[in-house]
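Asker: I am sharing entry03.json, which consists of JSON, C-alpha atoms:
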[["chain", "number", "residue", "atom", "x", "y", "z"],
["A", 13, "MET", "CA", 0.00, 0.00, 0.00],
["A", 14, "ASP", "CA", 1.53, 3.33, -1.05],
["A", 15, "LYS", "CA", 1.62, 6.42, 1.15],
["A", 16, "PHE", "CA", -1.53, 7.96, -0.30],
["A", 17, "GLU", "CA", -3.57, 4.79, 0.05],
["A", 18, "GLN", "CA", -2.37, 4.64, 3.65],
["A", 19, "LEU", "CA", -3.40, 8.27, 4.13],
["A", 20, "PHE", "CA", -6.86, 7.68, 2.66],
["A", 21, "ALA", "CA", -7.30, 4.57, 4.80],
["A", 22, "GLN", "CA", -6.64, 6.63, 7.95],
["A", 23, "TYR", "CA", -9.68, 8.74, 7.05],
["A", 24, "ASP", "CA", -11.93, 5.84, 5.96],
["A", 25, "CYS", "CA", -12.33, 7.32, 2.50],
["A", 26, "ASP", "CA", -13.45, 4.10, 0.86],
["A", 27, "LEU", "CA", -16.26, 3.69, 3.37],
["A", 28, "MET", "CA", -18.15, 6.61, 1.85],
["A", 29, "ASN", "CA", -21.39, 5.40, 0.27],
["A", 30, "ASP", "CA", -23.14, 7.67, -2.22],
["A", 31, "GLU", "CA", -26.69, 6.66, -1.35],
["A", 32, "GLN", "CA", -26.00, 6.94, 2.37],
["A", 33, "VAL", "CA", -24.47, 10.39, 1.92],
["A", 34, "LYS", "CA", -27.51, 11.51, -0.09],
["A", 35, "ALA", "CA", -29.92, 10.23, 2.56],
["A", 36, "GLU", "CA", -27.98, 11.69, 5.49],
["A", 37, "THR", "CA", -27.64, 15.07, 3.78],
["A", 38, "ALA", "CA", -31.36, 15.21, 3.06],
["A", 39, "GLU", "CA", -32.14, 14.24, 6.67],
["A", 40, "LEU", "CA", -29.82, 16.91, 8.08],
["A", 41, "LEU", "CA", -31.38, 19.64, 5.94],
["A", 42, "GLU", "CA", -34.94, 18.53, 6.64],
["A", 43, "LYS", "CA", -34.24, 18.67, 10.35],
["A", 44, "HIS", "CA", -32.27, 21.91, 10.60],
["A", 45, "PHE", "CA", -32.88, 24.14, 7.54],
["A", 46, "ALA", "CA", -35.90, 25.99, 8.95],
["A", 47, "GLU", "CA", -34.20, 26.92, 12.22],
["A", 48, "ASN", "CA", -31.39, 28.64, 10.27],
["A", 49, "ASN", "CA", -33.50, 30.36, 7.64],
["A", 50, "HIS", "CA", -33.72, 33.84, 9.14],
["A", 51, "LYS", "CA", -32.26, 37.32, 8.83],
["A", 52, "GLU", "CA", -29.25, 36.77, 11.12],
["A", 53, "THR", "CA", -28.13, 33.84, 8.98],
["A", 54, "TRP", "CA", -28.62, 35.79, 5.76],
["A", 55, "MET", "CA", -26.51, 38.64, 7.16],
["A", 56, "GLN", "CA", -23.77, 36.22, 8.17],
["A", 57, "CYS", "CA", -23.77, 34.58, 4.76],
["A", 58, "LEU", "CA", -23.41, 37.96, 3.06],
["A", 59, "ASN", "CA", -20.23, 38.55, 5.08],
["A", 60, "GLN", "CA", -18.83, 35.23, 3.83],
["A", 61, "ILE", "CA", -19.07, 35.95, 0.09],
["A", 62, "ASP", "CA", -16.14, 36.09, -2.30],
["A", 63, "LEU", "CA", -17.74, 38.53, -4.74],
["A", 64, "THR", "CA", -16.73, 36.94, -8.02],
["A", 65, "THR", "CA", -16.46, 37.66, -11.71],
["A", 66, "LEU", "CA", -14.73, 35.05, -13.88],
["A", 67, "SER", "CA", -16.11, 35.71, -17.35],
["A", 68, "ILE", "CA", -14.36, 35.68, -20.71],
["A", 69, "ASP", "CA", -15.47, 39.29, -21.24],
["A", 70, "ASP", "CA", -14.23, 40.65, -17.90],
["A", 71, "THR", "CA", -12.72, 44.10, -18.21],
["A", 72, "THR", "CA", -10.79, 46.49, -16.02],
["A", 73, "GLU", "CA", -13.90, 48.67, -15.89],
["A", 74, "ARG", "CA", -16.01, 45.78, -14.58],
["A", 75, "VAL", "CA", -13.67, 44.82, -11.74],
["A", 76, "VAL", "CA", -13.05, 48.45, -10.77],
["A", 77, "ARG", "CA", -16.80, 48.99, -10.56],
["A", 78, "MET", "CA", -17.06, 45.90, -8.35],
["A", 79, "ALA", "CA", -14.38, 47.28, -6.04],
["A", 80, "GLU", "CA", -16.15, 50.65, -5.91],
["A", 81, "HIS", "CA", -19.39, 48.96, -4.87],
["A", 82, "VAL", "CA", -17.50, 47.26, -2.05],
["A", 83, "ASN", "CA", -16.02, 50.63, -1.07],
["A", 84, "ASP", "CA", -19.52, 52.18, -0.95],
["A", 85, "PHE", "CA", -21.15, 49.30, 0.92],
["A", 86, "ALA", "CA", -20.72, 50.53, 4.50],
["A", 87, "ALA", "CA", -22.25, 53.92, 3.75],
["A", 88, "THR", "CA", -25.13, 52.40, 1.80],
["A", 89, "PHE", "CA", -25.93, 49.62, 4.27],
["A", 90, "PRO", "CA", -24.91, 50.78, 7.75],
["A", 91, "GLY", "CA", -25.09, 47.96, 10.24],
["A", 92, "LEU", "CA", -24.36, 45.21, 7.70],
["A", 93, "LYS", "CA", -20.96, 43.56, 7.36],
["A", 94, "ASN", "CA", -19.33, 43.77, 3.96],
["A", 95, "VAL", "CA", -18.41, 40.83, 1.73],
["A", 96, "ALA", "CA", -15.23, 38.88, 2.52],
["A", 97, "ALA", "CA", -13.27, 39.26, -0.71],
["A", 98, "ILE", "CA", -13.29, 40.13, -4.39],
["A", 99, "CYS", "CA", -12.33, 37.25, -6.70],
["A", 100, "VAL", "CA", -11.09, 37.85, -10.26],
["A", 101, "TYR", "CA", -8.70, 36.48, -12.87],
["A", 102, "PRO", "CA", -5.00, 37.03, -12.01],
["A", 103, "ALA", "CA", -4.33, 39.70, -14.65],
["A", 104, "LEU", "CA", -7.07, 41.88, -13.14],
["A", 105, "VAL", "CA", -5.70, 41.76, -9.60],
["A", 106, "PRO", "CA", -3.68, 45.00, -9.98],
["A", 107, "SER", "CA", -6.83, 46.90, -11.01],
["A", 108, "VAL", "CA", -8.74, 45.60, -7.98],
["A", 109, "LYS", "CA", -5.85, 46.40, -5.66],
["A", 110, "LYS", "CA", -5.67, 49.97, -6.95],
["A", 111, "ALA", "CA", -9.43, 50.57, -6.75],
["A", 112, "LEU", "CA", -10.16, 48.85, -3.43],
["A", 113, "LYS", "CA", -10.09, 51.34, -0.54],
["A", 114, "THR", "CA", -11.88, 49.29, 2.12],
["A", 115, "ASP", "CA", -9.82, 47.57, 4.79],
["A", 116, "GLY", "CA", -10.32, 43.91, 5.59],
["A", 117, "ILE", "CA", -11.43, 42.81, 2.12],
["A", 118, "GLY", "CA", -9.42, 40.00, 0.56],
["A", 119, "ILE", "CA", -8.26, 40.01, -3.04],
["A", 120, "ALA", "CA", -8.60, 36.52, -4.47],
["A", 121, "SER", "CA", -7.55, 35.23, -7.87],
["A", 122, "CYS", "CA", -8.16, 31.93, -9.63],
["A", 123, "CYS", "CA", -4.86, 30.44, -10.73],
["A", 124, "GLY", "CA", -3.27, 27.07, -11.40],
["A", 125, "GLY", "CA", -4.56, 26.73, -14.95],
["A", 126, "PHE", "CA", -8.10, 27.66, -13.92],
["A", 127, "PRO", "CA", -10.61, 26.21, -14.66],
["A", 128, "ALA", "CA", -9.29, 22.91, -16.08],
["A", 129, "SER", "CA", -5.83, 22.66, -14.48],
["A", 130, "GLN", "CA", -4.63, 21.23, -17.79],
["A", 131, "THR", "CA", -1.34, 23.02, -18.20],
["A", 132, "PHE", "CA", 2.27, 22.60, -17.13],
["A", 133, "ALA", "CA", 3.00, 22.54, -13.41],
["A", 134, "GLU", "CA", 5.61, 25.25, -13.92],
["A", 135, "ILE", "CA", 2.97, 27.57, -15.37],
["A", 136, "LYS", "CA", 0.61, 26.88, -12.48],
["A", 137, "VAL", "CA", 3.30, 27.78, -9.98],
["A", 138, "ALA", "CA", 4.42, 30.86, -11.91],
["A", 139, "GLU", "CA", 0.84, 32.12, -12.24],
["A", 140, "THR", "CA", 0.27, 31.66, -8.52],
["A", 141, "SER", "CA", 3.49, 33.50, -7.67],
["A", 142, "LEU", "CA", 2.71, 36.38, -10.04],
["A", 143, "ALA", "CA", -0.81, 36.76, -8.66],
["A", 144, "VAL", "CA", 0.53, 37.06, -5.12],
["A", 145, "MET", "CA", 3.22, 39.48, -6.24],
["A", 146, "GLU", "CA", 0.54, 41.68, -7.83],
["A", 147, "GLY", "CA", -1.57, 41.78, -4.68],
["A", 148, "SER", "CA", -3.60, 38.58, -4.25],
["A", 149, "THR", "CA", -4.08, 37.77, -0.59],
["A", 150, "GLU", "CA", -5.94, 34.57, -1.48],
["A", 151, "VAL", "CA", -5.36, 32.18, -4.36],
["A", 152, "ASP", "CA", -7.92, 29.65, -5.62],
["A", 153, "VAL", "CA", -6.27, 26.82, -7.56],
["A", 154, "VAL", "CA", -7.67, 23.71, -9.21],
["A", 155, "LEU", "CA", -6.75, 20.16, -8.28],
["A", 156, "SER", "CA", -5.43, 18.26, -11.30],
["A", 157, "VAL", "CA", -8.55, 16.12, -11.57],
["A", 158, "GLY", "CA", -7.28, 14.09, -14.52],
["A", 159, "LYS", "CA", -4.18, 13.01, -12.64],
["A", 160, "PHE", "CA", -6.22, 12.34, -9.52],
["A", 161, "LEU", "CA", -8.68, 10.09, -11.37],
["A", 162, "GLU", "CA", -5.79, 8.15, -12.91],
["A", 163, "GLY", "CA", -4.43, 7.50, -9.43],
["A", 164, "ARG", "CA", -1.41, 9.75, -9.97],
["A", 165, "TYR", "CA", -1.85, 11.15, -6.50],
["A", 166, "ASP", "CA", 1.82, 11.99, -6.03],
["A", 167, "GLU", "CA", 1.82, 14.30, -9.07],
["A", 168, "ALA", "CA", -1.42, 16.03, -8.10],
["A", 169, "TYR", "CA", -0.13, 16.41, -4.55],
["A", 170, "ASP", "CA", 3.28, 17.76, -5.58],
["A", 171, "GLU", "CA", 1.64, 20.42, -7.78],
["A", 172, "LEU", "CA", -0.48, 21.60, -4.87],
["A", 173, "CYS", "CA", 2.54, 21.70, -2.56],
["A", 174, "GLU", "CA", 4.45, 23.82, -5.07],
["A", 175, "MET", "CA", 1.54, 26.23, -5.46],
["A", 176, "LYS", "CA", 1.20, 26.41, -1.67],
["A", 177, "ALA", "CA", 4.87, 27.43, -1.44],
["A", 178, "ALA", "CA", 4.32, 30.02, -4.20],
["A", 179, "CYS", "CA", 1.48, 31.56, -2.19],
["A", 180, "ARG", "CA", 3.91, 32.70, 0.52],
["A", 181, "ASP", "CA", 1.65, 34.55, 3.01],
["A", 182, "ALA", "CA", -1.49, 34.31, 0.86],
["A", 183, "HIS", "CA", -4.14, 31.71, 1.66],
["A", 184, "LEU", "CA", -4.49, 28.73, -0.68],
["A", 185, "LYS", "CA", -7.98, 27.52, -1.59],
["A", 186, "VAL", "CA", -7.97, 24.21, -3.48],
["A", 187, "ILE", "CA", -10.88, 23.64, -5.86],
["A", 188, "LEU", "CA", -11.74, 19.93, -6.01],
["A", 189, "GLU", "CA", -14.22, 20.20, -8.91],
["A", 190, "THR", "CA", -16.45, 17.73, -7.12],
["A", 191, "GLY", "CA", -18.82, 17.31, -10.08],
["A", 192, "ALA", "CA", -15.98, 15.68, -12.02],
["A", 193, "LEU", "CA", -15.00, 13.37, -9.15],
["A", 194, "HIS", "CA", -18.31, 11.47, -9.41],
["A", 195, "THR", "CA", -18.29, 9.61, -6.07],
["A", 196, "ALA", "CA", -18.34, 10.49, -2.40],
["A", 197, "ALA", "CA", -15.23, 8.35, -1.89],
["A", 198, "ASN", "CA", -13.31, 10.35, -4.50],
["A", 199, "ILE", "CA", -14.48, 13.65, -3.01],
["A", 200, "LYS", "CA", -13.23, 12.62, 0.41],
["A", 201, "ARG", "CA", -9.93, 11.37, -1.01],
["A", 202, "ALA", "CA", -9.43, 14.66, -2.86],
["A", 203, "SER", "CA", -10.29, 16.61, 0.29],
["A", 204, "ILE", "CA", -7.68, 14.74, 2.33],
["A", 205, "LEU", "CA", -5.04, 15.03, -0.38],
["A", 206, "ALA", "CA", -5.59, 18.79, -0.65],
["A", 207, "MET", "CA", -5.39, 19.30, 3.11],
["A", 208, "GLN", "CA", -2.25, 17.15, 3.30],
["A", 209, "ALA", "CA", -0.74, 19.49, 0.69],
["A", 210, "GLY", "CA", -1.41, 22.51, 2.91],
["A", 211, "ALA", "CA", -4.74, 23.86, 1.68],
["A", 212, "ASP", "CA", -6.12, 26.65, 3.87],
["A", 213, "PHE", "CA", -9.57, 26.05, 2.33],
["A", 214, "ILE", "CA", -11.06, 23.32, 0.22],
["A", 215, "LYS", "CA", -13.61, 24.46, -2.33],
["A", 216, "THR", "CA", -16.33, 22.59, -4.21],
["A", 217, "SER", "CA", -16.23, 23.79, -7.78],
["A", 218, "THR", "CA", -15.09, 26.18, -10.50],
["A", 219, "GLY", "CA", -18.64, 26.78, -11.69],
["A", 220, "LYS", "CA", -17.42, 26.01, -15.21],
["A", 221, "ILE", "CA", -18.76, 22.46, -15.68],
["A", 222, "SER", "CA", -22.32, 21.14, -15.78],
["A", 223, "VAL", "CA", -22.30, 19.73, -12.23],
["A", 224, "SER", "CA", -21.12, 22.38, -9.80],
["A", 225, "ALA", "CA", -21.58, 22.56, -6.04],
["A", 226, "THR", "CA", -23.94, 20.07, -4.42],
["A", 227, "VAL", "CA", -25.03, 19.75, -0.82],
["A", 228, "GLU", "CA", -23.88, 16.13, -0.86],
["A", 229, "ALA", "CA", -20.34, 17.15, -1.84],
["A", 230, "ALA", "CA", -20.39, 19.77, 0.91],
["A", 231, "TYR", "CA", -21.49, 17.12, 3.41],
["A", 232, "VAL", "CA", -18.54, 14.88, 2.49],
["A", 233, "MET", "CA", -16.02, 17.73, 2.47],
["A", 234, "CYS", "CA", -17.14, 19.05, 5.84],
["A", 235, "HIS", "CA", -16.85, 15.59, 7.39],
["A", 236, "ALA", "CA", -13.32, 15.35, 5.95],
["A", 237, "ILE", "CA", -12.46, 18.76, 7.44],
["A", 238, "ARG", "CA", -13.81, 17.70, 10.83],
["A", 239, "GLN", "CA", -11.79, 14.48, 10.83],
["A", 240, "TRP", "CA", -8.68, 16.35, 9.70],
["A", 241, "HIS", "CA", -9.10, 18.83, 12.55],
["A", 242, "GLU", "CA", -9.65, 16.05, 15.08],
["A", 243, "LYS", "CA", -6.50, 14.19, 13.98],
["A", 244, "THR", "CA", -4.14, 17.11, 13.29],
["A", 245, "GLY", "CA", -5.51, 20.10, 15.20],
["A", 246, "ILE", "CA", -5.35, 22.09, 11.95],
["A", 247, "LYS", "CA", -8.46, 24.09, 11.07],
["A", 248, "VAL", "CA", -9.17, 24.14, 7.33],
["A", 249, "GLY", "CA", -11.89, 26.30, 5.81],
["A", 250, "PHE", "CA", -14.71, 25.32, 3.46],
["A", 251, "LYS", "CA", -15.79, 27.25, 0.37],
["A", 252, "ALA", "CA", -19.00, 26.49, -1.52],
["A", 253, "ALA", "CA", -18.95, 27.75, -5.10],
["A", 254, "GLY", "CA", -20.60, 27.00, -8.41],
["A", 255, "GLY", "CA", -24.27, 27.71, -9.05],
["A", 256, "ILE", "CA", -25.03, 29.06, -5.58],
["A", 257, "SER", "CA", -27.28, 32.05, -6.16],
["A", 258, "THR", "CA", -30.36, 32.05, -3.91],
["A", 259, "THR", "CA", -30.85, 32.76, -0.23],
["A", 260, "ASP", "CA", -32.15, 29.22, 0.25],
["A", 261, "ASP", "CA", -28.98, 27.86, -1.39],
["A", 262, "ALA", "CA", -26.84, 29.80, 1.07],
["A", 263, "VAL", "CA", -28.86, 28.63, 4.07],
["A", 264, "ARG", "CA", -28.52, 25.00, 2.98],
["A", 265, "TYR", "CA", -24.73, 25.21, 2.94],
["A", 266, "TYR", "CA", -24.69, 27.24, 6.15],
["A", 267, "THR", "CA", -26.76, 24.52, 7.81],
["A", 268, "ILE", "CA", -24.38, 21.77, 6.69],
["A", 269, "VAL", "CA", -21.34, 23.66, 7.98],
["A", 270, "LYS", "CA", -23.03, 24.51, 11.27],
["A", 271, "GLU", "CA", -24.21, 20.97, 11.98],
["A", 272, "ILE", "CA", -21.02, 19.16, 10.93],
["A", 273, "LEU", "CA", -18.26, 21.61, 11.81],
["A", 274, "GLY", "CA", -19.96, 23.74, 14.45],
["A", 275, "THR", "CA", -20.36, 27.43, 15.12],
["A", 276, "GLU", "CA", -16.57, 27.88, 15.23],
["A", 277, "TRP", "CA", -16.61, 27.70, 11.41],
["A", 278, "LEU", "CA", -19.43, 30.24, 10.94],
["A", 279, "ASN", "CA", -17.24, 33.20, 10.00],
["A", 280, "ASN", "CA", -15.46, 34.38, 6.90],
["A", 281, "GLN", "CA", -12.09, 33.13, 8.10],
["A", 282, "SER", "CA", -13.35, 29.54, 7.84],
["A", 283, "PHE", "CA", -16.39, 29.51, 5.54],
["A", 284, "ARG", "CA", -16.90, 31.24, 2.20],
["A", 285, "PHE", "CA", -19.24, 31.36, -0.75],
["A", 286, "GLY", "CA", -17.95, 31.99, -4.25],
["A", 287, "ALA", "CA", -20.75, 33.82, -6.01],
["A", 288, "SER", "CA", -21.79, 36.65, -8.29],
["A", 289, "ARG", "CA", -25.59, 36.82, -7.88],
["A", 290, "LEU", "CA", -25.87, 35.64, -4.29],
["A", 291, "ALA", "CA", -24.95, 38.98, -2.70],
["A", 292, "ASN", "CA", -27.87, 40.85, -4.25],
["A", 293, "ASN", "CA", -30.28, 38.04, -3.46],
["A", 294, "LEU", "CA", -29.20, 37.98, 0.19],
["A", 295, "LEU", "CA", -29.51, 41.77, 0.34],
["A", 296, "THR", "CA", -33.02, 41.47, -1.09],
["A", 297, "SER", "CA", -33.95, 38.98, 1.65],
["A", 298, "ILE", "CA", -32.37, 41.13, 4.37],
["A", 299, "GLN", "CA", -33.92, 44.40, 3.16],
["A", 300, "GLY", "CA", -37.32, 42.88, 2.38],
["A", 301, "SER", "CA", -37.44, 44.38, -1.11],
["A", 302, "GLU", "CA", -35.57, 43.84, -4.36],
["A", 303, "THR", "CA", -32.02, 45.19, -4.02],
["A", 304, "LYS", "CA", -29.49, 45.34, -6.84],
["A", 305, "PHE", "CA", -26.39, 46.90, -5.38],
["A", 306, "PHE", "CA", -23.48, 44.79, -6.58]]
Just dump the structure as structure tokens.

Answerer:
Amino acid sequence: MDKFEQLFAQYDCDLMNDEQVKAETAELLEKHFAENNHKETWMQCLNQIDLTTLSIDDTTERVVRMAEHVNDFAATFPGLKNVAAICVYPALVPSVKKALKTDGIGIASCCGGFPASQTFAEIKVAETSLAVMEGSTEVDVVLSVGKFLEGRYDEAYDELCEMKAACRDAHLKVILETGALHTAANIKRASILAMQAGADFIKTSTGKISVSATVEAAYVMCHAIRQWHEKTGIKVGFKAAGGISTTDDAVRYYTIVKEILGTEWLNNQSFRFGASRLANNLLTSIQGSETKFF
């Protein structure tokens, strides 16, 4: 048994059963969703958003306008906490850094051959390093899913380790692309591999394939995070991203994190949403009328 199979065995990865995960996730949400579906939760979720634009037609003007909205948020919505970060492509990081005047807002960029991770490891590392040099305080990179599915765990792991080193003081969020992993066992294996490589967060999806974030994937990932914390004492964050747009969506993921990981994770240092439309929808729920601010 090689070192990765030994690692996965320590965390009972192969015991994950897809039907059981589906049933347990549904039971958890049926039992606890309603008790969390209220204004305080919506406000907390708003504060956990990585306000994101990752479109082929992104422009400097678009990301500067996004940063200006974040700058204006406190004056427009006194009493509400701002979003956690702005997330853009690496080449647009300098524009966000120049325009952003609000303290405490992260600047995230999607690197590592985003969204497919199908490029040379050297390019992934260089892109990560350049993004941090230009001002990224958080870097979202993509697990090499193809290598992972072929069982080339050492190569996928080494790439993540190199990108972690390139991050220096920036936080590393590893995107598992759970929709391409197909099974709960694979999702848990990928979660453990990413955390072993030094991930500060593990993240569901890029939002660029047909199956993005699912509550079942979140359930598996959060259990992996809990086990990792119990065994190592290291607290790793969870980021839900890909198709999450409604207030109900946010509350579902909030409920999973709360019930599996506990209230200690219910802050933007440990729990994030990657989203573009979610912020306005949460504001609409909070304000009680349609709000289009971001």

Asker: For Leu295 in chain A, which residue out of A:Ile61, A:Met28, A:Met233, A:Val157 is the nearest one, using all atoms listed in the file?

Answerer: A:Ile61

Asker: Excluding Glu189 in chain A and residues on its chain fewer than 3 positions from it, collect all residues at most 10 Å away from it, counting all atoms listed in the file, and give them as a PyMOL selection string.

Answerer: chain A and resi 127-128+154-157+186+192-194+199+202+215-221+223-225+229+253-254

Asker: Could you save those same residues with C-alpha atoms as a tab-separated table (two decimals), in the frame of the given file?

Answerer:
chain	number	residue	atom	x	y	z
A	127	PRO	CA	-10.61	26.21	-14.66
A	128	ALA	CA	-9.29	22.91	-16.08
A	154	VAL	CA	-7.67	23.71	-9.21
A	155	LEU	CA	-6.75	20.16	-8.28
A	156	SER	CA	-5.43	18.26	-11.30
A	157	VAL	CA	-8.55	16.12	-11.57
A	186	VAL	CA	-7.97	24.21	-3.48
A	192	ALA	CA	-15.98	15.68	-12.02
A	193	LEU	CA	-15.00	13.37	-9.15
A	194	HIS	CA	-18.31	11.47	-9.41
A	199	ILE	CA	-14.48	13.65	-3.01
A	202	ALA	CA	-9.43	14.66	-2.86
A	215	LYS	CA	-13.61	24.46	-2.33
A	216	THR	CA	-16.33	22.59	-4.21
A	217	SER	CA	-16.23	23.79	-7.78
A	218	THR	CA	-15.09	26.18	-10.50
A	219	GLY	CA	-18.64	26.78	-11.69
A	220	LYS	CA	-17.42	26.01	-15.21
A	221	ILE	CA	-18.76	22.46	-15.68
A	223	VAL	CA	-22.30	19.73	-12.23
A	224	SER	CA	-21.12	22.38	-9.80
A	225	ALA	CA	-21.58	22.56	-6.04
A	229	ALA	CA	-20.34	17.15	-1.84
A	253	ALA	CA	-18.95	27.75	-5.10
A	254	GLY	CA	-20.60	27.00	-8.41

Asker: I need the residue nearest Lys185 in chain A from this list: A:Gly163, A:Gly210, A:Gly245, A:Pro106. Use all atoms listed in the file for the distance.

Answerer: A:Gly210

Asker: Smallest atom-to-atom distance to Asp261 in chain A: which of A:Ser141, A:Thr226, A:Thr149, A:Gln208, using only C-alpha atoms?

Answerer: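 Closest residue, counting only C-alpha atoms: A:Thr226.
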
Asker: Excluding Gly124 in chain A and its own-chain neighbours fewer than 6 positions away, which residues fall within 7 Å of it when counting only C-alpha atoms? Please give them as a ChimeraX atom specification.

Answerer: /A:136-137,139-140,153-154

Asker: Find the residue from A:Leu63, A:Ala143, A:Ala197, A:Ile117 that sits nearest to Ile256 in chain A; use only C-alpha atoms when measuring.

Answerer: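 Among A:Leu63, A:Ala143, A:Ala197, A:Ile117, it is A:Leu63 that comes nearest to Ile256 in chain A.
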
Asker: Find the residues around Asp170 in chain A up to 10 Å (only C-alpha atoms counted), leave out those fewer than 5 positions away in its own chain, and share them as a CSV table (one decimal) with C-alpha atoms, in the coordinates of the input.

Answerer:
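Below is the file result.csv, written as the result:
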chain,number,residue,atom,x,y,z
A,133,ALA,CA,3.0,22.5,-13.4
A,165,TYR,CA,-1.8,11.2,-6.5
A,175,MET,CA,1.5,26.2,-5.5
A,176,LYS,CA,1.2,26.4,-1.7
A,209,ALA,CA,-0.7,19.5,0.7

Asker: Have a look at CA of Arg77 in chain A and CA of Ile98 in chain A and let me know their distance in Å, one decimal.

Answerer: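 These two atoms are separated by 11.4 Å.
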
Asker: What's around Gln32 in chain A at 10 Å? Count only C-alpha atoms, leave out sequence neighbours fewer than 5 positions away in its own chain, and write the answer as a PyMOL selection string.

Answerer: chain A and resi 37-38+196+228

Asker: Looking at A:Ala21, A:Ile187, A:Pro90, A:Cys179, which one is nearest to Arg201 in chain A, with distances taken over only C-alpha atoms?

Answerer: A:Ala21
